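J.: Enclosed is the structure file input_12.pdb (PDB, C-alpha atoms and all ligand atoms).
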ATOM      1  CA  MET A   1     -87.916   8.246 -33.750  1.00  0.00           C
ATOM      2  CA  VAL A   2     -85.430   6.578 -36.048  1.00  0.00           C
ATOM      3  CA  LYS A   3     -84.183   8.584 -39.032  1.00  0.00           C
ATOM      4  CA  ILE A   4     -83.704   7.026 -42.440  1.00  0.00           C
ATOM      5  CA  ALA A   5     -80.768   8.132 -44.572  1.00  0.00           C
ATOM      6  CA  PRO A   6     -80.997   6.996 -48.206  1.00  0.00           C
ATOM      7  CA  SER A   7     -77.538   6.146 -49.538  1.00  0.00           C
ATOM      8  CA  MET A   8     -77.176   8.156 -52.751  1.00  0.00           C
ATOM      9  CA  LEU A   9     -74.700   5.575 -54.010  1.00  0.00           C
ATOM     10  CA  GLY A  10     -77.792   3.500 -54.726  1.00  0.00           C
ATOM     11  CA  ALA A  11     -79.407   6.292 -56.784  1.00  0.00           C
ATOM     12  CA  ASP A  12     -78.919   7.048 -60.487  1.00  0.00           C
ATOM     13  CA  PHE A  13     -75.825   9.270 -60.846  1.00  0.00           C
ATOM     14  CA  GLY A  14     -77.348  10.776 -63.981  1.00  0.00           C
ATOM     15  CA  SER A  15     -80.326  12.100 -62.053  1.00  0.00           C
ATOM     16  CA  MET A  16     -78.926  12.505 -58.561  1.00  0.00           C
ATOM     17  CA  ARG A  17     -80.774  15.733 -57.676  1.00  0.00           C
ATOM     18  CA  LYS A  18     -84.068  14.382 -58.931  1.00  0.00           C
ATOM     19  CA  ASP A  19     -83.608  11.131 -56.992  1.00  0.00           C
ATOM     20  CA  ALA A  20     -82.604  13.059 -53.862  1.00  0.00           C
ATOM     21  CA  LYS A  21     -85.669  15.297 -54.110  1.00  0.00           C
ATOM     22  CA  SER A  22     -87.924  12.308 -54.593  1.00  0.00           C
ATOM     23  CA  VAL A  23     -86.992  10.867 -51.172  1.00  0.00           C
ATOM     24  CA  ALA A  24     -86.257  14.073 -49.216  1.00  0.00           C
ATOM     25  CA  SER A  25     -89.675  14.433 -47.546  1.00  0.00           C
ATOM     26  CA  GLU A  26     -89.198  11.187 -45.579  1.00  0.00           C
ATOM     27  CA  SER A  27     -85.421  11.381 -45.142  1.00  0.00           C
ATOM     28  CA  GLY A  28     -83.587  12.494 -42.007  1.00  0.00           C
ATOM     29  CA  TYR A  29     -80.380  12.740 -44.023  1.00  0.00           C
ATOM     30  CA  LEU A  30     -78.994  11.985 -47.458  1.00  0.00           C
ATOM     31  CA  HIS A  31     -76.061   9.602 -46.959  1.00  0.00           C
ATOM     32  CA  MET A  32     -73.088  10.329 -49.236  1.00  0.00           C
ATOM     33  CA  ASP A  33     -70.494   7.560 -49.682  1.00  0.00           C
ATOM     34  CA  VAL A  34     -67.067   8.952 -50.510  1.00  0.00           C
ATOM     35  CA  MET A  35     -64.527   6.318 -51.647  1.00  0.00           C
ATOM     36  CA  ASP A  36     -60.968   6.964 -52.792  1.00  0.00           C
ATOM     37  CA  GLY A  37     -60.062   3.722 -54.588  1.00  0.00           C
ATOM     38  CA  HIS A  38     -57.409   3.091 -51.933  1.00  0.00           C
ATOM     39  CA  PHE A  39     -59.112   2.629 -48.567  1.00  0.00           C
ATOM     40  CA  VAL A  40     -61.691   0.593 -50.501  1.00  0.00           C
ATOM     41  CA  PRO A  41     -61.359  -0.753 -54.067  1.00  0.00           C
ATOM     42  CA  ASN A  42     -63.903   1.647 -55.553  1.00  0.00           C
ATOM     43  CA  LEU A  43     -64.141   5.322 -56.534  1.00  0.00           C
ATOM     44  CA  THR A  44     -67.370   7.213 -56.025  1.00  0.00           C
ATOM     45  CA  MET A  45     -67.874  10.909 -55.348  1.00  0.00           C
ATOM     46  CA  GLY A  46     -66.044  14.036 -54.234  1.00  0.00           C
ATOM     47  CA  SER A  47     -67.087  17.208 -52.468  1.00  0.00           C
ATOM     48  CA  ASP A  48     -68.527  18.849 -55.614  1.00  0.00           C
ATOM     49  CA  LEU A  49     -71.125  16.142 -55.991  1.00  0.00           C
ATOM     50  CA  VAL A  50     -71.964  16.416 -52.293  1.00  0.00           C
ATOM     51  CA  ARG A  51     -72.364  20.191 -52.675  1.00  0.00           C
ATOM     52  CA  SER A  52     -74.771  19.707 -55.568  1.00  0.00           C
ATOM     53  CA  LEU A  53     -77.301  18.159 -53.130  1.00  0.00           C
ATOM     54  CA  LYS A  54     -76.962  20.824 -50.432  1.00  0.00           C
ATOM     55  CA  GLY A  55     -80.324  22.154 -49.271  1.00  0.00           C
ATOM     56  CA  ILE A  56     -82.383  19.161 -50.396  1.00  0.00           C
ATOM     57  CA  ALA A  57     -82.015  17.398 -47.024  1.00  0.00           C
ATOM     58  CA  PRO A  58     -79.279  17.400 -44.362  1.00  0.00           C
ATOM     59  CA  LEU A  59     -76.116  15.747 -45.661  1.00  0.00           C
ATOM     60  CA  ASP A  60     -74.431  12.825 -43.882  1.00  0.00           C
ATOM     61  CA  VAL A  61     -70.990  12.224 -45.392  1.00  0.00           C
ATOM     62  CA  HIS A  62     -69.298   8.829 -44.944  1.00  0.00           C
ATOM     63  CA  LEU A  63     -65.606   9.041 -45.780  1.00  0.00           C
ATOM     64  CA  MET A  64     -64.098   5.713 -46.861  1.00  0.00           C
ATOM     65  CA  ILE A  65     -60.737   7.281 -47.575  1.00  0.00           C
ATOM     66  CA  THR A  66     -57.224   6.626 -46.293  1.00  0.00           C
ATOM     67  CA  ASN A  67     -56.382  10.172 -45.170  1.00  0.00           C
ATOM     68  CA  PRO A  68     -59.641  11.754 -43.967  1.00  0.00           C
ATOM     69  CA  SER A  69     -58.000  14.724 -42.192  1.00  0.00           C
ATOM     70  CA  ASP A  70     -56.960  16.145 -45.588  1.00  0.00           C
ATOM     71  CA  PHE A  71     -60.578  16.514 -46.743  1.00  0.00           C
ATOM     72  CA  ILE A  72     -62.571  17.732 -43.729  1.00  0.00           C
ATOM     73  CA  ASP A  73     -62.495  21.391 -44.897  1.00  0.00           C
ATOM     74  CA  ASP A  74     -63.800  20.439 -48.347  1.00  0.00           C
ATOM     75  CA  PHE A  75     -66.730  18.380 -47.126  1.00  0.00           C
ATOM     76  CA  GLU A  76     -67.731  20.825 -44.398  1.00  0.00           C
ATOM     77  CA  GLU A  77     -67.749  23.626 -46.983  1.00  0.00           C
ATOM     78  CA  ALA A  78     -69.819  21.397 -49.262  1.00  0.00           C
ATOM     79  CA  GLY A  79     -72.546  21.383 -46.606  1.00  0.00           C
ATOM     80  CA  ALA A  80     -72.025  18.224 -44.531  1.00  0.00           C
ATOM     81  CA  GLU A  81     -73.881  18.173 -41.201  1.00  0.00           C
ATOM     82  CA  ILE A  82     -72.289  14.877 -40.174  1.00  0.00           C
ATOM     83  CA  ILE A  83     -68.900  13.603 -41.322  1.00  0.00           C
ATOM     84  CA  SER A  84     -67.816  10.060 -40.429  1.00  0.00           C
ATOM     85  CA  VAL A  85     -64.308   8.686 -40.704  1.00  0.00           C
ATOM     86  CA  HIS A  86     -63.124   5.097 -40.306  1.00  0.00           C
ATOM     87  CA  ILE A  87     -61.237   3.761 -37.324  1.00  0.00           C
ATOM     88  CA  GLU A  88     -59.249   1.726 -39.898  1.00  0.00           C
ATOM     89  CA  ALA A  89     -58.093   4.920 -41.702  1.00  0.00           C
ATOM     90  CA  ASN A  90     -55.005   7.030 -40.885  1.00  0.00           C
ATOM     91  CA  ASN A  91     -55.237   9.112 -37.733  1.00  0.00           C
ATOM     92  CA  PRO A  92     -59.007   8.981 -37.104  1.00  0.00           C
ATOM     93  CA  GLY A  93     -58.618  10.795 -33.771  1.00  0.00           C
ATOM     94  CA  LYS A  94     -57.152  13.848 -35.494  1.00  0.00           C
ATOM     95  CA  ALA A  95     -59.927  13.827 -38.113  1.00  0.00           C
ATOM     96  CA  LEU A  96     -62.672  13.641 -35.465  1.00  0.00           C
ATOM     97  CA  LYS A  97     -61.222  16.674 -33.689  1.00  0.00           C
ATOM     98  CA  LEU A  98     -61.071  18.624 -36.977  1.00  0.00           C
ATOM     99  CA  ILE A  99     -64.722  17.784 -37.696  1.00  0.00           C
ATOM    100  CA  ARG A 100     -65.901  18.888 -34.257  1.00  0.00           C
ATOM    101  CA  LYS A 101     -63.949  22.140 -34.568  1.00  0.00           C
ATOM    102  CA  LYS A 102     -66.201  22.945 -37.530  1.00  0.00           C
ATOM    103  CA  GLY A 103     -69.240  22.731 -35.256  1.00  0.00           C
ATOM    104  CA  ILE A 104     -70.748  19.708 -37.020  1.00  0.00           C
ATOM    105  CA  LYS A 105     -71.249  16.117 -35.863  1.00  0.00           C
ATOM    106  CA  ALA A 106     -68.318  13.712 -35.964  1.00  0.00           C
ATOM    107  CA  GLY A 107     -68.891  10.002 -36.573  1.00  0.00           C
ATOM    108  CA  ILE A 108     -66.513   7.086 -36.090  1.00  0.00           C
ATOM    109  CA  ALA A 109     -67.187   4.245 -38.525  1.00  0.00           C
ATOM    110  CA  ILE A 110     -66.135   0.656 -37.917  1.00  0.00           C
ATOM    111  CA  ASN A 111     -66.015  -2.335 -40.263  1.00  0.00           C
ATOM    112  CA  PRO A 112     -67.654  -5.640 -39.281  1.00  0.00           C
ATOM    113  CA  SER A 113     -64.247  -7.370 -39.268  1.00  0.00           C
ATOM    114  CA  THR A 114     -62.684  -4.863 -36.837  1.00  0.00           C
ATOM    115  CA  PRO A 115     -62.919  -5.694 -33.108  1.00  0.00           C
ATOM    116  CA  GLU A 116     -65.693  -3.765 -31.436  1.00  0.00           C
ATOM    117  CA  ASP A 117     -63.458  -2.129 -28.816  1.00  0.00           C
ATOM    118  CA  ALA A 118     -61.152  -0.604 -31.467  1.00  0.00           C
ATOM    119  CA  ILE A 119     -63.113   2.663 -31.256  1.00  0.00           C
ATOM    120  CA  ASP A 120     -62.689   3.059 -27.498  1.00  0.00           C
ATOM    121  CA  THR A 121     -59.561   5.211 -27.755  1.00  0.00           C
ATOM    122  CA  VAL A 122     -61.256   7.864 -29.933  1.00  0.00           C
ATOM    123  CA  ALA A 123     -64.881   7.601 -28.771  1.00  0.00           C
ATOM    124  CA  ASP A 124     -64.645  10.715 -26.582  1.00  0.00           C
ATOM    125  CA  ASP A 125     -64.229  12.783 -29.748  1.00  0.00           C
ATOM    126  CA  ALA A 126     -67.221  11.258 -31.587  1.00  0.00           C
ATOM    127  CA  ASP A 127     -70.909  12.190 -31.521  1.00  0.00           C
ATOM    128  CA  MET A 128     -71.941   9.143 -33.526  1.00  0.00           C
ATOM    129  CA  ILE A 129     -70.850   5.530 -34.069  1.00  0.00           C
ATOM    130  CA  LEU A 130     -71.370   4.258 -37.607  1.00  0.00           C
ATOM    131  CA  VAL A 131     -71.727   0.493 -37.395  1.00  0.00           C
ATOM    132  CA  MET A 132     -70.921  -0.979 -40.796  1.00  0.00           C
ATOM    133  CA  SER A 133     -73.106  -4.018 -41.421  1.00  0.00           C
ATOM    134  CA  VAL A 134     -71.195  -4.945 -44.625  1.00  0.00           C
ATOM    135  CA  GLU A 135     -67.519  -4.567 -45.531  1.00  0.00           C
ATOM    136  CA  PRO A 136     -67.436  -1.111 -47.160  1.00  0.00           C
ATOM    137  CA  GLY A 137     -67.029  -0.567 -50.888  1.00  0.00           C
ATOM    138  CA  TYR A 138     -70.264  -1.375 -52.669  1.00  0.00           C
ATOM    139  CA  CYS A 139     -74.023  -1.089 -52.547  1.00  0.00           C
ATOM    140  CA  GLY A 140     -76.253  -4.131 -52.527  1.00  0.00           C
ATOM    141  CA  GLN A 141     -74.285  -6.510 -50.278  1.00  0.00           C
ATOM    142  CA  SER A 142     -75.955  -8.744 -47.730  1.00  0.00           C
ATOM    143  CA  PHE A 143     -76.411  -7.674 -44.141  1.00  0.00           C
ATOM    144  CA  HIS A 144     -74.134  -9.144 -41.438  1.00  0.00           C
ATOM    145  CA  GLU A 145     -76.539 -10.353 -38.749  1.00  0.00           C
ATOM    146  CA  SER A 146     -73.894  -9.909 -36.038  1.00  0.00           C
ATOM    147  CA  SER A 147     -74.308  -6.130 -36.445  1.00  0.00           C
ATOM    148  CA  ILE A 148     -77.524  -6.214 -34.405  1.00  0.00           C
ATOM    149  CA  GLN A 149     -75.643  -7.335 -31.302  1.00  0.00           C
ATOM    150  CA  ARG A 150     -72.964  -4.754 -32.031  1.00  0.00           C
ATOM    151  CA  VAL A 151     -75.554  -1.952 -32.075  1.00  0.00           C
ATOM    152  CA  GLN A 152     -76.946  -3.127 -28.748  1.00  0.00           C
ATOM    153  CA  ASN A 153     -73.490  -3.314 -27.163  1.00  0.00           C
ATOM    154  CA  TYR A 154     -72.518   0.178 -28.320  1.00  0.00           C
ATOM    155  CA  LYS A 155     -75.812   1.679 -27.172  1.00  0.00           C
ATOM    156  CA  LEU A 156     -75.245   0.256 -23.690  1.00  0.00           C
ATOM    157  CA  LYS A 157     -71.624   1.330 -23.577  1.00  0.00           C
ATOM    158  CA  TYR A 158     -72.155   4.769 -25.145  1.00  0.00           C
ATOM    159  CA  PRO A 159     -75.747   5.800 -24.330  1.00  0.00           C
ATOM    160  CA  GLY A 160     -75.081   9.457 -25.209  1.00  0.00           C
ATOM    161  CA  LYS A 161     -73.959   8.784 -28.779  1.00  0.00           C
ATOM    162  CA  LEU A 162     -75.991   8.359 -31.922  1.00  0.00           C
ATOM    163  CA  ILE A 163     -75.780   4.945 -33.548  1.00  0.00           C
ATOM    164  CA  GLU A 164     -76.000   4.709 -37.334  1.00  0.00           C
ATOM    165  CA  VAL A 165     -76.132   1.406 -39.226  1.00  0.00           C
ATOM    166  CA  ASP A 166     -75.001   1.111 -42.846  1.00  0.00           C
ATOM    167  CA  GLY A 167     -75.004  -1.807 -45.292  1.00  0.00           C
ATOM    168  CA  GLY A 168     -77.699  -4.241 -46.357  1.00  0.00           C
ATOM    169  CA  VAL A 169     -80.338  -2.476 -44.257  1.00  0.00           C
ATOM    170  CA  SER A 170     -83.952  -2.994 -45.336  1.00  0.00           C
ATOM    171  CA  SER A 171     -87.418  -3.434 -43.876  1.00  0.00           C
ATOM    172  CA  LYS A 172     -86.390  -7.048 -43.180  1.00  0.00           C
ATOM    173  CA  ASN A 173     -83.923  -6.046 -40.453  1.00  0.00           C
ATOM    174  CA  SER A 174     -84.996  -2.482 -39.526  1.00  0.00           C
ATOM    175  CA  LYS A 175     -87.212  -3.575 -36.617  1.00  0.00           C
ATOM    176  CA  GLN A 176     -84.398  -5.508 -34.921  1.00  0.00           C
ATOM    177  CA  LEU A 177     -81.957  -2.639 -35.480  1.00  0.00           C
ATOM    178  CA  ILE A 178     -84.338  -0.064 -34.021  1.00  0.00           C
ATOM    179  CA  GLU A 179     -85.011  -2.287 -31.006  1.00  0.00           C
ATOM    180  CA  ALA A 180     -81.255  -2.708 -30.538  1.00  0.00           C
ATOM    181  CA  GLY A 181     -80.881   1.083 -30.326  1.00  0.00           C
ATOM    182  CA  ALA A 182     -80.147   2.383 -33.826  1.00  0.00           C
ATOM    183  CA  ASP A 183     -80.896   6.099 -34.328  1.00  0.00           C
ATOM    184  CA  ILE A 184     -80.143   6.368 -38.060  1.00  0.00           C
ATOM    185  CA  LEU A 185     -80.553   3.638 -40.676  1.00  0.00           C
ATOM    186  CA  VAL A 186     -78.770   4.015 -44.009  1.00  0.00           C
ATOM    187  CA  ALA A 187     -80.217   2.146 -46.984  1.00  0.00           C
ATOM    188  CA  GLY A 188     -79.242   2.273 -50.651  1.00  0.00           C
ATOM    189  CA  SER A 189     -80.530  -0.591 -52.742  1.00  0.00           C
ATOM    190  CA  ALA A 190     -83.528  -1.306 -50.493  1.00  0.00           C
ATOM    191  CA  ILE A 191     -84.817   2.226 -51.185  1.00  0.00           C
ATOM    192  CA  PHE A 192     -83.719   3.010 -54.725  1.00  0.00           C
ATOM    193  CA  ASN A 193     -84.422  -0.429 -56.176  1.00  0.00           C
ATOM    194  CA  SER A 194     -87.926  -0.476 -54.757  1.00  0.00           C
ATOM    195  CA  ASP A 195     -91.033   0.426 -56.774  1.00  0.00           C
ATOM    196  CA  ASP A 196     -92.010   3.057 -54.209  1.00  0.00           C
ATOM    197  CA  PRO A 197     -88.977   4.527 -52.399  1.00  0.00           C
ATOM    198  CA  LEU A 198     -91.053   6.783 -50.121  1.00  0.00           C
ATOM    199  CA  ASP A 199     -93.235   3.900 -49.040  1.00  0.00           C
ATOM    200  CA  THR A 200     -90.162   1.773 -48.350  1.00  0.00           C
ATOM    201  CA  ILE A 201     -88.764   4.507 -46.099  1.00  0.00           C
ATOM    202  CA  ARG A 202     -92.098   4.794 -44.254  1.00  0.00           C
ATOM    203  CA  ALA A 203     -92.190   1.024 -43.752  1.00  0.00           C
ATOM    204  CA  MET A 204     -88.708   1.058 -42.251  1.00  0.00           C
ATOM    205  CA  LYS A 205     -89.631   3.889 -39.876  1.00  0.00           C
ATOM    206  CA  LYS A 206     -92.801   2.162 -38.702  1.00  0.00           C
ATOM    207  CA  SER A 207     -91.174  -1.247 -38.178  1.00  0.00           C
TER     208      SER A 207
HETATM  209  C1  LIG A 301     -71.052   0.675 -48.397  1.00  0.00           C
HETATM  210  C2  LIG A 301     -71.688   2.041 -48.228  1.00  0.00           C
HETATM  211  C3  LIG A 301     -73.155   1.972 -47.978  1.00  0.00           C
HETATM  212  C4  LIG A 301     -73.937   1.417 -49.132  1.00  0.00           C
HETATM  213  C5  LIG A 301     -75.328   1.099 -48.680  1.00  0.00           C
HETATM  214  O1  LIG A 301     -69.688   0.805 -48.504  1.00  0.00           O
HETATM  215  O2  LIG A 301     -71.096   2.706 -47.147  1.00  0.00           O
HETATM  216  O3  LIG A 301     -73.658   3.235 -47.597  1.00  0.00           O
HETATM  217  O4  LIG A 301     -73.995   2.297 -50.203  1.00  0.00           O
HETATM  218  O5  LIG A 301     -75.997   0.434 -49.713  1.00  0.00           O
HETATM  219  P1  LIG A 301     -76.930  -0.820 -49.408  1.00  0.00           P
HETATM  220  O6  LIG A 301     -78.019  -0.333 -48.504  1.00  0.00           O
HETATM  221  O7  LIG A 301     -77.413  -1.238 -50.755  1.00  0.00           O
HETATM  222  O8  LIG A 301     -76.081  -1.868 -48.734  1.00  0.00           O
HETATM  223 ZN    ZN A 302     -72.086   4.522 -46.260  1.00  0.00          ZN
END
Would you mind writing the file out in structure tokens?
T.:
Amino acid sequence: MVKIAPSMLGADFGSMRKDAKSVASESGYLHMDVMDGHFVPNLTMGSDLVRSLKGIAPLDVHLMITNPSDFIDDFEEAGAEIISVHIEANNPGKALKLIRKKGIKAGIAINPSTPEDAIDTVADDADMILVMSVEPGYCGQSFHESSIQRVQNYKLKYPGKLIEVDGGVSSKNSKQLIEAGADILVAGSAIFNSDDPLDTIRAMKKS
């Protein structure tokens, strides 16, 4: 069964714990978007904010940072159960190995504009492929339809790995993504801007 991971970037930063608790019962993970203002033109959260949500639901940390290897210790200590790093960042292969050494899941994330086979050289060290369905940086962007084919291709090529999809995901495209082979769907604005976040998550799961 597909897991839904609400992106906490779409929640209210002034009531992050309350928002996290309000969706936890239907959430496989809480997705935490870490941006350094360099890899992407936005700054979001660090490991202290991630730690503040530990125990509410499993934490899935998405590092959009230039030098991910420097921060693996911090985010693992903060309680991450999955840490993903970008193939476009510095030395992703080294970062994946560091993550696995901690005994947690390692994800390799890839932007829509990066050729699909760019991850092939590091895939052996990853448990999960994070297919970005928007260019990273902000919540609320529109979904790149070509991501559906990408999910299907990766699932065929790497049947043993989890596939996560992130960016513009909603109940409008969840059915196609699940059919294509997605295991985890991340959604920010679709969940937190809806009148009933729990119901929105249930609708995505059932699609
Ligand atoms: C984009 C982030 C996403 C984003 C998802 O850079 O990685 O996780 O917050 O938000 P929505 O679902 O609104 O696109
Ligand atoms: Zn993300």
J.: One decimal, in Å: what's the spacing between atom CA of A:Ser47 and atom CA of A:Ala78?
T.: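 It comes out at 5.9 Å.
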J.: Determine, for each residue of chain A having at least one atom at most 6 Å from an atom of ligand ZN 302 (chain A), the closest pair of atoms and their separation in Å to one decimal, counting all atoms listed in the file; order by chain and ascending number, as CSV.
T.:
residue,atom,partner,partner_atom,distance
A:Asp33,CA,A:ZN302,ZN,4.8
A:His62,CA,A:ZN302,ZN,5.3
A:Asp166,CA,A:ZN302,ZN,5.6
J.: Give me the residues near stretch 101-107 of chain A as a ChimeraX atom specification, where near means some atom within 10 Å (using all atoms listed in the file) and where sequence neighbours in that chain fewer than 3 positions away do not count.
T.: /A:60-63,72-73,76-77,79-87,92,95-98,110,123,125-131,161-164
J.: Taking the file as shown, find all residues satisfying the PyMOL selection byres (((not hetatm)) within 8 of (chain A and resi 301)) and write them as number ranges by chain.
T.: A: 6-10, 31-33, 62, 64, 132, 134-143, 166-170, 186-191
J.: Decode the PyMOL selection byres (((chain A and resi 24) around 10) and not hetatm) for the given file into explicit residues and return them as a count of residues only.
T.: 18
J.: Calculated over only C-alpha atoms, which of the candidates A:Ser207, A:Ser194, A:Asn153, A:Thr114 has the smallest distance to A:Lys172?
T.: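 Closest to A:Lys172 of all the choices is A:Ser207.
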J.: Could you tell me how far atom CA of A:Thr66 lies from atom CA of A:Ala89, in Å and to one decimal?
T.: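 About the pair atom CA of A:Thr66 and atom CA of A:Ala89: they are 5.0 Å apart.
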J.: Which is closest to A:Ile4 among A:Ser171, A:Ser146, A:Ser69, A:Asn193, if we use all atoms listed in the file?
T.: A:Ser171
J.: Do you have the atom CA of A:Asp124-atom CA of A:Tyr158 distance handy?
T.: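 That distance, rounded to one decimal, is 9.7 Å.
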J.: Mind checking which residues fall within 8 Å of A:Lys205, counting all atoms listed in the file, ignoring those fewer than 4 positions away in the same chain, and posting them as an MDAnalysis selection string?
T.: chainID A and resid 1:4 174 201
J.: Selection from above, C-alpha atoms, as a CSV table (one decimal), in the frame of the given file, can you write it?
T.:
chain,number,residue,atom,x,y,z
A,1,MET,CA,-87.9,8.2,-33.8
A,2,VAL,CA,-85.4,6.6,-36.0
A,3,LYS,CA,-84.2,8.6,-39.0
A,4,ILE,CA,-83.7,7.0,-42.4
A,174,SER,CA,-85.0,-2.5,-39.5
A,201,ILE,CA,-88.8,4.5,-46.1
J.: Hey, which of A:Glu179, A:Asp70, A:Asp48, A:Asp195 ends up closest to A:Lys155? Count all atoms listed in the file.
T.: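 Among A:Glu179, A:Asp70, A:Asp48, A:Asp195, it is A:Glu179 that comes nearest to A:Lys155.
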J.: May I ask which of the residues A:Glu116, A:Val122, A:Phe71, A:Met45 is the closest one to A:Gly93, counting only C-alpha atoms?
T.: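 Using only C-alpha atoms, the shortest distance to A:Gly93 belongs to A:Val122.
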J.: For the provided coordinates, the residues matched by the PyMOL selection byres (((chain A and resi 181) around 8) and not hetatm) should be stated as a PyMOL selection string.
T.: chain A and resi 151-152+155+163+177-180+182-183
J.: Output, as AutoDock Vina command-line options, the centre and edge lengths in Å (one decimal) of the axis-aligned box that contains all listed atoms of stretch 19-22 of chain A with 6 Å of margin on each side.
T.:
--center_x -85.3 --center_y 13.2 --center_z -55.4 --size_x 17.3 --size_y 16.2 --size_z 15.1
J.: Of the candidates A:Thr200, A:Lys175, A:Pro115, A:Gly37, which one gets nearest to A:Arg150 if we count only C-alpha atoms?
T.: A:Pro115
